>>> print(open('run_15.csv').read())   # CSV, C-alpha atoms and all ligand atoms
chain,number,residue,atom,x,y,z
I,1,MET,CA,23.4,-4.4,14.9
I,2,SER,CA,26.5,-4.1,16.9
I,3,GLU,CA,26.4,-4.5,20.7
I,4,ARG,CA,27.9,-1.1,21.1
I,5,LYS,CA,25.1,0.5,19.1
I,6,THR,CA,22.5,-1.4,21.0
I,7,ASN,CA,24.0,-0.1,24.3
I,8,GLN,CA,24.1,3.4,23.0
I,9,ARG,CA,20.5,3.3,22.0
I,10,THR,CA,19.4,1.8,25.2
I,11,ASN,CA,21.3,4.4,27.2
I,12,SER,CA,20.0,7.3,25.2
I,13,ALA,CA,16.5,6.0,25.6
I,14,HIS,CA,17.0,5.6,29.3
I,15,LEU,CA,18.3,9.1,29.8
I,16,SER,CA,15.6,10.8,27.9
I,17,GLY,CA,12.8,8.6,29.2
I,18,ALA,CA,12.0,7.4,25.7
I,19,SER,CA,9.4,4.9,24.6
I,20,LEU,CA,9.9,2.1,22.1
I,21,TYR,CA,8.9,4.5,19.4
I,22,ASP,CA,11.7,6.8,20.4
I,23,LEU,CA,14.1,4.0,20.5
I,24,LEU,CA,13.3,3.1,16.9
I,25,HIS,CA,13.5,6.6,15.7
I,26,LEU,CA,16.9,7.2,17.2
I,27,GLU,CA,18.1,4.8,14.6
I,28,ASP,CA,16.6,6.6,11.6
I,29,LYS,CA,16.9,10.3,12.4
I,30,GLU,CA,18.2,12.9,14.8
I,31,TRP,CA,16.1,13.9,17.7
I,32,SER,CA,13.9,16.8,16.6
I,33,ASP,CA,12.7,19.2,19.2
I,34,GLU,CA,9.6,19.9,17.1
I,35,VAL,CA,8.6,16.3,17.1
I,36,ASP,CA,9.2,16.1,20.8
I,37,GLU,CA,7.1,19.2,21.4
I,38,GLU,CA,4.2,18.0,19.2
I,39,THR,CA,4.2,14.6,20.9
I,40,SER,CA,4.2,16.1,24.4
I,41,SER,CA,1.6,18.7,23.5
I,42,ALA,CA,-0.7,16.0,22.0
I,43,SER,CA,-0.2,13.7,25.0
I,44,SER,CA,-0.9,16.4,27.5
I,45,LYS,CA,-4.0,17.4,25.6
I,46,LEU,CA,-5.1,13.7,25.7
I,47,GLU,CA,-4.3,13.4,29.4
I,48,ARG,CA,-6.4,16.5,30.1
I,49,PHE,CA,-9.3,15.1,28.2
I,50,LEU,CA,-9.0,11.7,29.9
I,51,SER,CA,-9.1,13.3,33.3
I,52,GLU,CA,-12.5,15.0,32.6
I,53,SER,CA,-15.5,13.7,34.3
I,54,GLY,CA,-16.9,10.6,32.5
I,55,ASN,CA,-13.6,9.8,30.9
I,56,ASP,CA,-12.0,8.9,34.3
I,57,LEU,CA,-14.1,5.7,34.4
I,58,CYS,CA,-14.3,2.9,31.8
I,59,ALA,CA,-17.3,3.5,29.5
I,60,ASP,CA,-18.3,-0.1,29.7
I,61,CYS,CA,-17.6,-1.4,33.3
I,62,GLY,CA,-16.8,1.8,35.3
I,63,SER,CA,-13.3,0.7,36.3
I,64,PRO,CA,-11.3,3.8,37.4
I,65,ASN,CA,-8.5,5.3,35.4
I,66,PRO,CA,-8.9,3.6,32.1
I,67,LYS,CA,-5.9,3.8,29.7
I,68,TRP,CA,-7.3,2.4,26.4
I,69,VAL,CA,-9.5,4.1,23.9
I,70,SER,CA,-11.7,3.0,21.0
I,71,ALA,CA,-10.5,5.6,18.5
I,72,ASN,CA,-13.5,5.2,16.2
I,73,LEU,CA,-16.3,4.9,18.9
I,74,GLY,CA,-14.8,7.6,21.1
I,75,ALA,CA,-14.9,5.5,24.3
I,76,VAL,CA,-12.3,5.4,27.0
I,77,VAL,CA,-12.1,1.8,28.4
I,78,CYS,CA,-10.2,-0.3,30.8
I,79,ILE,CA,-7.8,-3.0,29.8
I,80,MET,CA,-10.2,-5.8,30.3
I,81,CYS,CA,-12.9,-4.2,28.2
I,82,SER,CA,-10.3,-3.2,25.6
I,83,GLY,CA,-9.6,-6.9,25.1
I,84,VAL,CA,-13.2,-7.5,24.3
I,85,HIS,CA,-13.3,-4.5,22.0
I,86,ARG,CA,-10.2,-5.9,20.2
I,87,SER,CA,-11.9,-9.2,19.7
I,88,LEU,CA,-14.8,-7.5,17.8
I,89,GLY,CA,-12.4,-6.5,15.1
I,90,VAL,CA,-11.2,-3.1,14.0
I,91,HIS,CA,-14.2,-2.6,11.8
I,92,ILE,CA,-16.2,-2.3,15.0
I,93,SER,CA,-13.7,-0.9,17.4
I,94,LYS,CA,-10.2,0.3,16.9
I,95,ILE,CA,-8.4,0.1,20.2
I,96,LEU,CA,-5.4,2.3,21.0
I,97,SER,CA,-3.4,2.6,24.1
I,98,VAL,CA,-3.1,6.0,25.7
I,99,ASN,CA,0.5,5.3,26.8
I,100,LEU,CA,1.8,2.8,24.2
I,101,ASP,CA,0.5,4.1,20.9
I,102,GLU,CA,1.8,7.3,19.4
I,103,TRP,CA,-0.7,10.1,19.2
I,104,THR,CA,-0.4,13.1,16.9
I,105,GLU,CA,-2.2,16.3,17.6
I,106,GLU,CA,-4.6,15.4,14.9
I,107,ASP,CA,-5.4,12.0,16.3
I,108,VAL,CA,-6.1,13.5,19.7
I,109,ASP,CA,-8.4,16.2,18.1
I,110,ASN,CA,-10.3,13.7,16.2
I,111,PHE,CA,-10.8,11.6,19.2
I,112,ILE,CA,-11.9,14.5,21.4
I,113,LYS,CA,-14.4,15.5,18.7
I,114,LEU,CA,-16.3,12.2,19.4
I,115,GLY,CA,-17.2,13.6,22.8
I,116,GLY,CA,-15.7,11.1,25.2
I,117,ASN,CA,-17.6,8.6,27.4
I,118,THR,CA,-20.5,10.8,28.3
I,119,ALA,CA,-21.4,11.3,24.6
I,120,VAL,CA,-20.7,7.6,23.8
I,121,ASN,CA,-23.0,6.4,26.6
I,122,LEU,CA,-25.7,8.9,25.8
I,123,LYS,CA,-25.8,7.3,22.4
I,124,TYR,CA,-25.0,3.6,23.0
I,125,GLU,CA,-26.6,3.2,26.5
I,126,HIS,CA,-29.6,5.4,25.8
I,127,SER,CA,-32.1,2.8,26.9
I,128,ILE,CA,-30.9,-0.1,28.9
I,129,PRO,CA,-33.7,-2.4,29.9
I,130,ASP,CA,-34.3,-2.8,33.7
I,131,LYS,CA,-33.4,-6.4,33.6
I,132,CYS,CA,-30.0,-5.8,32.1
I,133,ARG,CA,-27.1,-5.1,34.3
I,134,LYS,CA,-24.1,-3.2,33.2
I,135,PRO,CA,-20.8,-4.9,33.9
I,136,GLN,CA,-18.8,-3.9,37.0
I,137,PRO,CA,-15.0,-3.6,37.4
I,138,GLU,CA,-14.9,-7.1,38.8
I,139,SER,CA,-17.2,-8.7,36.1
I,140,SER,CA,-16.1,-11.8,34.2
I,141,ILE,CA,-14.9,-11.5,30.6
I,142,ASP,CA,-18.1,-13.3,29.5
I,143,GLU,CA,-20.3,-10.6,31.1
I,144,ARG,CA,-18.3,-7.9,29.6
I,145,THR,CA,-18.4,-9.6,26.2
I,146,ASP,CA,-22.1,-10.0,26.2
I,147,PHE,CA,-22.7,-6.4,27.2
I,148,ILE,CA,-20.1,-4.9,24.9
I,149,LYS,CA,-21.5,-6.8,21.9
I,150,ARG,CA,-25.0,-5.7,22.7
I,151,LYS,CA,-23.9,-2.2,23.2
I,152,TYR,CA,-21.8,-1.6,20.1
I,153,VAL,CA,-22.3,-4.5,17.7
I,154,MET,CA,-26.1,-5.2,18.1
I,155,GLN,CA,-26.7,-1.7,19.3
I,156,GLN,CA,-29.6,-2.7,21.4
I,157,PHE,CA,-29.5,0.3,23.7
I,158,LEU,CA,-29.5,3.1,21.1
I,159,ASN,CA,-32.1,5.7,21.5
I,160,THR,CA,-35.4,4.5,20.0
I,161,ASP,CA,-35.1,6.5,16.8
I,162,GLU,CA,-31.8,4.8,15.9
I,163,GLN,CA,-32.4,1.4,17.6
I,164,LEU,CA,-32.1,-1.6,15.3
I,165,SER,CA,-35.0,-4.0,15.5
I,166,CYS,CA,-34.3,-6.7,18.0
I,167,PRO,CA,-36.3,-9.9,17.9
I,168,PHE,CA,-35.2,-10.9,21.4
I,169,THR,CA,-36.7,-10.3,24.8
I,170,PRO,CA,-34.2,-8.6,27.0
I,171,SER,CA,-32.6,-10.9,29.4
I,172,ALA,CA,-29.9,-10.5,32.0
I,173,PHE,CA,-26.5,-10.2,30.3
I,174,HIS,CA,-25.0,-13.2,32.0
I,175,CYS,CA,-27.6,-15.4,30.4
I,176,SER,CA,-27.4,-14.1,26.9
I,177,SER,CA,-24.5,-16.1,25.6
I,178,THR,CA,-26.2,-19.3,26.6
I,179,GLY,CA,-29.8,-18.4,26.0
I,180,LEU,CA,-31.8,-16.2,23.8
I,181,ASN,CA,-29.1,-14.6,21.9
I,182,ASN,CA,-27.5,-17.8,20.8
I,183,VAL,CA,-28.5,-17.4,17.2
I,184,VAL,CA,-27.2,-13.9,17.1
I,185,GLU,CA,-24.0,-15.0,18.8
I,186,LYS,CA,-23.4,-17.6,16.1
I,187,LYS,CA,-24.2,-15.1,13.4
I,188,TYR,CA,-21.6,-12.7,14.8
I,189,ILE,CA,-19.1,-15.5,15.3
I,190,ASN,CA,-19.5,-16.4,11.6
I,191,SER,CA,-19.4,-12.9,10.5
I,192,MET,CA,-16.2,-12.3,12.5
I,193,ARG,CA,-14.8,-15.5,11.0
I,194,LEU,CA,-15.5,-14.1,7.6
I,195,HIS,CA,-13.7,-10.9,8.4
I,196,GLY,CA,-10.8,-13.0,9.7
I,197,ILE,CA,-10.5,-10.6,12.6
I,198,GLY,CA,-10.9,-10.9,16.3
I,199,GLN,CA,-10.8,-14.6,16.4
I,200,ALA,CA,-8.9,-14.7,19.7
I,201,PHE,CA,-12.1,-14.9,21.7
I,202,ILE,CA,-13.7,-17.4,19.5
I,203,ASN,CA,-13.4,-21.1,19.3
I,204,ASN,CA,-15.5,-24.2,19.0
I,205,ARG,CA,-15.5,-24.9,22.7
I,206,ARG,CA,-17.2,-21.6,23.3
I,207,ARG,CA,-19.9,-22.4,20.8
I,208,LYS,CA,-20.4,-25.9,22.3
I,209,ASP,CA,-20.7,-24.4,25.8
I,210,ALA,CA,-23.2,-21.9,24.6
I,211,GLU,CA,-25.3,-24.7,23.0
I,212,GLN,CA,-25.1,-27.3,25.7
I,213,LYS,CA,-24.6,-25.8,29.1
I,214,PRO,CA,-26.9,-23.7,31.3
I,215,ALA,CA,-25.5,-20.4,32.4
I,216,LYS,CA,-23.5,-20.6,35.6
I,217,LYS,CA,-20.8,-18.6,37.1
I,218,SER,CA,-18.1,-21.2,36.9
I,219,SER,CA,-18.4,-21.5,33.2
I,220,SER,CA,-18.2,-17.8,32.7
I,221,THR,CA,-14.8,-17.9,31.1
I,222,ALA,CA,-15.0,-21.4,29.6
I,223,GLY,CA,-13.8,-21.5,26.1
I,224,MET,CA,-12.6,-17.9,26.3
I,225,VAL,CA,-9.0,-17.2,25.7
I,226,GLU,CA,-7.7,-15.5,28.8
I,227,PHE,CA,-5.1,-12.9,27.9
I,228,VAL,CA,-2.0,-12.2,30.1
I,229,GLY,CA,-1.0,-9.0,28.3
I,230,PHE,CA,-0.1,-7.5,25.0
I,231,ILE,CA,2.9,-7.5,22.8
I,232,LYS,CA,3.7,-4.5,20.7
I,233,VAL,CA,5.7,-5.6,17.7
I,234,ASN,CA,7.6,-3.0,15.7
I,235,VAL,CA,8.3,-4.5,12.3
I,236,VAL,CA,11.3,-2.3,11.6
I,237,LYS,CA,12.7,-3.4,8.3
I,238,GLY,CA,13.7,-6.3,6.0
I,239,SER,CA,16.9,-6.7,4.2
I,240,ASP,CA,18.0,-8.8,1.2
I,241,LEU,CA,14.5,-10.2,0.8
I,242,ALA,CA,13.8,-12.7,-2.0
I,243,ILE,CA,12.8,-11.6,-5.5
I,244,ARG,CA,9.3,-12.8,-6.4
I,245,ASP,CA,8.4,-10.5,-9.3
I,246,VAL,CA,10.6,-9.7,-12.2
I,247,ARG,CA,13.4,-7.8,-10.5
I,248,SER,CA,12.0,-7.1,-7.0
I,249,SER,CA,9.1,-7.8,-4.7
I,250,ASP,CA,6.2,-6.0,-3.0
I,251,PRO,CA,6.7,-7.3,0.5
I,252,TYR,CA,4.5,-7.1,3.6
I,253,VAL,CA,4.8,-8.9,6.9
I,254,MET,CA,2.0,-11.0,8.6
I,255,LEU,CA,2.3,-11.7,12.3
I,256,THR,CA,0.3,-14.5,13.9
I,257,LEU,CA,-0.1,-15.2,17.6
I,258,GLY,CA,-2.6,-18.0,18.4
I,259,ASN,CA,-5.7,-17.1,16.4
I,260,GLN,CA,-4.8,-13.5,15.8
I,261,SER,CA,-3.1,-12.2,12.7
I,262,VAL,CA,-2.1,-8.7,11.8
I,263,LYS,CA,-0.3,-7.3,8.7
I,264,THR,CA,2.0,-4.4,7.9
I,265,ARG,CA,1.3,-2.3,4.8
I,266,VAL,CA,2.8,-3.4,1.4
I,267,ILE,CA,5.9,-1.6,0.3
I,268,ARG,CA,6.2,-1.6,-3.5
I,269,ASN,CA,9.2,-2.7,-5.4
I,270,ASN,CA,11.7,-3.0,-2.5
I,271,LEU,CA,13.9,-5.8,-1.3
I,272,ASN,CA,15.1,-3.7,1.7
I,273,PRO,CA,11.8,-2.3,2.9
I,274,VAL,CA,11.6,-0.1,6.0
I,275,TRP,CA,8.1,-0.5,7.6
I,276,ASN,CA,8.7,0.9,11.1
I,277,GLU,CA,5.1,-0.2,11.7
I,278,LYS,CA,3.9,-1.0,15.1
I,279,LEU,CA,1.3,-3.8,15.5
I,280,MET,CA,-0.3,-5.0,18.7
I,281,LEU,CA,-1.4,-8.5,19.6
I,282,SER,CA,-3.0,-9.9,22.8
I,283,ILE,CA,-1.0,-12.7,24.4
I,284,PRO,CA,-3.1,-15.8,25.2
I,285,ASP,CA,-2.6,-17.6,28.5
I,286,ASN,CA,-0.6,-20.5,27.1
I,287,VAL,CA,1.9,-18.3,25.2
I,288,PRO,CA,2.2,-19.5,21.6
I,289,PRO,CA,5.2,-18.6,19.4
I,290,LEU,CA,4.9,-15.5,17.3
I,291,ILE,CA,4.8,-16.6,13.7
I,292,VAL,CA,6.2,-14.2,11.2
I,293,ASN,CA,5.5,-14.6,7.5
I,294,VAL,CA,6.7,-12.4,4.7
I,295,PHE,CA,4.6,-12.2,1.5
I,296,ASP,CA,4.9,-10.6,-1.9
I,297,LYS,CA,1.7,-8.8,-2.7
I,298,ASP,CA,0.3,-9.9,-6.1
I,299,LYS,CA,-2.7,-8.1,-7.6
I,300,PHE,CA,-3.9,-10.9,-9.8
I,301,SER,CA,-2.9,-14.1,-8.0
I,302,THR,CA,-2.2,-15.5,-4.6
I,303,ASP,CA,0.5,-13.6,-2.7
I,304,ASP,CA,3.9,-15.3,-3.0
I,305,HIS,CA,5.6,-16.5,0.1
I,306,MET,CA,9.0,-14.8,1.0
I,307,GLY,CA,10.0,-16.8,4.1
I,308,GLU,CA,9.0,-17.2,7.6
I,309,ALA,CA,10.3,-17.2,11.2
I,310,GLU,CA,9.1,-18.4,14.5
I,311,ILE,CA,9.8,-16.4,17.6
I,312,ASP,CA,9.5,-17.8,21.1
I,313,ILE,CA,8.1,-14.9,23.1
I,314,GLN,CA,7.8,-16.9,26.4
I,315,PRO,CA,11.1,-15.5,27.8
I,316,LEU,CA,10.0,-11.9,27.1
I,317,VAL,CA,6.6,-12.6,28.7
I,318,SER,CA,8.3,-14.1,31.7
I,319,ALA,CA,10.6,-11.1,31.9
I,320,ALA,CA,7.6,-8.7,31.8
I,321,LYS,CA,5.8,-10.8,34.4
I,322,SER,CA,8.7,-10.8,36.8
I,323,LEU,CA,9.2,-7.1,36.3
I,324,GLU,CA,5.5,-6.6,37.1
I,325,ASN,CA,5.8,-8.8,40.2
I,326,SER,CA,8.9,-6.9,41.4
I,327,ASN,CA,6.8,-3.7,41.2
I,328,GLY,CA,8.9,-2.2,38.5
I,329,SER,CA,12.2,-2.4,40.3
I,330,GLU,CA,15.0,-3.1,37.8
I,331,PRO,CA,17.2,-4.4,36.4
I,332,SER,CA,16.5,-8.0,36.7
I,333,ALA,CA,19.9,-9.4,35.9
I,334,PRO,CA,19.4,-13.1,36.5
I,335,LEU,CA,16.4,-13.0,34.2
I,336,GLU,CA,18.2,-11.3,31.4
I,337,ARG,CA,20.9,-13.9,31.6
I,338,ARG,CA,18.4,-16.7,31.4
I,339,ALA,CA,16.7,-15.2,28.4
I,340,GLU,CA,20.0,-14.6,26.6
I,341,ALA,CA,21.3,-18.0,27.2
I,342,LYS,CA,18.2,-19.6,25.8
I,343,ASP,CA,18.1,-17.5,22.6
I,344,LYS,CA,21.6,-16.4,22.1
I,345,ASN,CA,22.1,-17.6,18.6
I,346,THR,CA,19.0,-16.4,16.9
I,347,LEU,CA,17.3,-13.7,19.0
I,348,GLY,CA,18.4,-10.5,20.5
I,349,MET,CA,18.8,-10.0,24.2
I,350,ILE,CA,15.8,-9.0,26.4
I,351,THR,CA,16.3,-5.7,28.0
I,352,VAL,CA,14.4,-4.5,31.1
I,353,ALA,CA,14.4,-0.7,31.4
I,354,GLU,CA,11.9,2.0,32.2
I,355,GLY,CA,9.6,-0.7,33.7
I,356,LYS,CA,9.3,-2.4,30.3
I,357,ALA,CA,10.6,-5.6,28.9
I,358,LYS,CA,11.7,-5.4,25.3
I,359,GLN,CA,13.6,-7.5,22.8
I,360,GLU,CA,15.3,-6.5,19.6
I,361,ILE,CA,15.5,-9.2,17.1
I,362,ALA,CA,17.3,-9.7,13.8
I,363,ILE,CA,16.1,-13.0,12.4
I,364,LYS,CA,17.0,-14.9,9.3
I,365,LEU,CA,13.9,-16.0,7.4
I,366,GLN,CA,13.4,-19.7,6.9
I,367,ASN,CA,12.3,-21.7,3.8
I,368,VAL,CA,13.4,-19.0,1.4
I,369,GLU,CA,16.7,-18.2,-0.5
I,370,SER,CA,17.5,-15.0,1.4
I,371,GLY,CA,16.1,-12.4,3.7
I,372,GLU,CA,16.4,-11.1,7.2
I,373,LEU,CA,13.9,-9.2,9.4
I,374,HIS,CA,14.5,-6.7,12.1
I,375,ILE,CA,11.8,-6.6,14.7
I,376,GLU,CA,11.4,-5.1,18.2
I,377,ILE,CA,9.0,-6.6,20.6
I,378,GLU,CA,7.7,-5.0,23.8
I,379,CYS,CA,5.6,-7.0,26.3
I,380,VAL,CA,3.0,-5.2,28.3
I,381,PRO,CA,1.5,-7.1,31.2
I,382,LEU,CA,-2.3,-6.9,31.6
I,383,SER,CA,-2.2,-4.6,34.6
I,384,GLN,CA,-0.7,-1.7,32.6
B,401,ZN,ZN,-14.0,-1.8,31.6
>>> encode(input="run_15.csv", output="structure tokens")
Amino acid sequence: MSERKTNQRTNSAHLSGASLYDLLHLEDKEWSDEVDEETSSASSKLERFLSESGNDLCADCGSPNPKWVSANLGAVVCIMCSGVHRSLGVHISKILSVNLDEWTEEDVDNFIKLGGNTAVNLKYEHSIPDKCRKPQPESSIDERTDFIKRKYVMQQFLNTDEQLSCPFTPSAFHCSSTGLNNVVEKKYINSMRLHGIGQAFINNRRRKDAEQKPAKKSSSTAGMVEFVGFIKVNVVKGSDLAIRDVRSSDPYVMLTLGNQSVKTRVIRNNLNPVWNEKLMLSIPDNVPPLIVNVFDKDKFSTDDHMGEAEIDIQPLVSAAKSLENSNGSEPSAPLERRAEAKDKNTLGMITVAEGKAKQEIAIKLQNVESGELHIEIECVPLSQ
């Protein structure tokens, strides 16, 4: 993409107050007033719903002004609890951002139908034993994880008619990961491993801690991956991808960050696929590179490899962090220069605009005869 075009797009986006979604769609089609109206009507409907009593506090810890939702459970949660939900896997809780994900009118209606936090907690917190303590806004990730697993995965607090049988004596939440629920904990860790989802919170050290150490405050986050924020990756398109079937390929992209992996959909029979698909990943504390793999989907055998790339997201994370520390004042010129200098040859420049740090990337795939991917990454610090 030419620099001129990049500038145009950045400027248009700046003028209209557009999101990453808008930026990407500027490339593909003209602005449509209808789309604009639908989006704004959906988002104002969602905003209204979120301001209602019950939805203005996190369903799990009571933090004010939560900006994340579990689209399938119907809960509105804070960013800390959303990280725990995300670790459970999308088969338990599908987390969306109120501000960063695009909501259609239908999405909003379906979410509202679930009844919001009051309905969710009537169901999932119907009978919390006296000894149990619900997490507070300042609770550790461990306390939140224990409670959220009990609430939605083990469903220990459902009203008695629905309650699953539970072989354990209720204990305080902060003891559960090291005490009575150890077996259950392991079972869920294994089950999550099988699902291949939500591994970010899981590693051997955690299991070891759970087995060997008594509960104490200082170990509350031991073995847990602390997250510093999220990256929202838009896999825009591929070009000139390698042929893996007779004349073409059925490509999809897999993104891996630390222990987490997410995939785009498969596009059949296309060497220049346009996915325009947005995927979110949590950023672990010691920022690993984003690994990009392209595969050809095969029905009857292992998927064929169509190349890979490694993207250093550290400069983008640093940009987002300094932006956050500067309380949103922009632009951060020295920082842009630094990032550009580091990655000038392979990666696009980091732009800081609208209080967001973004990077557009055109990257040549490695270990393959041909292929390039266009990706846009936005970094969202944890405080958002
Ligand atoms: Zn919360």
>>> closest_residue(input="run_15.csv", among="I:Ile112, I:Ser93, I:Cys132, I:Ser139", to="ligand ZN 401 (chain B)", atoms="only C-alpha atoms and all ligand atoms")
I:Ser139
>>> residues_near_ligand(input="run_15.csv", ligand="ligand ZN 401 (chain B)", cutoff="12 Å", atoms="only C-alpha atoms and all ligand atoms", output="PyMOL selection string")
chain I and resi 55-70+75-85+117+134-141+143-145+147-148
>>> residues_near_point(input="run_15.csv", point="(3.6, -17.2, -4.0)", cutoff="8 Å", atoms="only C-alpha atoms", output="PDB file with C-alpha atoms, in the frame of the given file")
ATOM      1  CA  ARG I 244       9.300 -12.800  -6.400  1.00  0.00           C
ATOM      2  CA  PHE I 295       4.600 -12.200   1.500  1.00  0.00           C
ATOM      3  CA  ASP I 296       4.900 -10.600  -1.900  1.00  0.00           C
ATOM      4  CA  THR I 302      -2.200 -15.500  -4.600  1.00  0.00           C
ATOM      5  CA  ASP I 303       0.500 -13.600  -2.700  1.00  0.00           C
ATOM      6  CA  ASP I 304       3.900 -15.300  -3.000  1.00  0.00           C
ATOM      7  CA  HIS I 305       5.600 -16.500   0.100  1.00  0.00           C
ATOM      8  CA  MET I 306       9.000 -14.800   1.000  1.00  0.00           C
TER       9      MET I 306
END
>>> closest_residue(input="run_15.csv", among="I:Arg268, I:Gly258, I:Val228, I:Ile243", to="I:Val368", atoms="only C-alpha atoms")
I:Ile243
>>> residues_near_point(input="run_15.csv", point="(5.5, 4.0, 15.7)", cutoff="7 Å", atoms="all atoms listed in the file", output="list of chain:residue names")
I:Tyr21, I:Glu102, I:Asn276, I:Glu277, I:Lys278
>>> atom_distance(input="run_15.csv", atom1="atom CA of I:Glu105", atom2="atom CA of I:Ser40")
9.3 Å
>>> atom_distance(input="run_15.csv", atom1="atom CA of I:Ser239", atom2="atom CA of I:Leu290")
19.8 Å
>>> closest_residue(input="run_15.csv", among="I:Lys364, I:Ile375, I:Asp130, I:Lys299", to="I:Val233", atoms="all atoms listed in the file")
I:Ile375
>>> atom_distance(input="run_15.csv", atom1="atom CA of I:Val287", atom2="atom CA of I:Gly371")
26.4 Å
>>> closest_residue(input="run_15.csv", among="I:Asn286, I:Ser370, I:Ser97, I:Thr104", to="I:Asp240", atoms="only C-alpha atoms")
I:Ser370
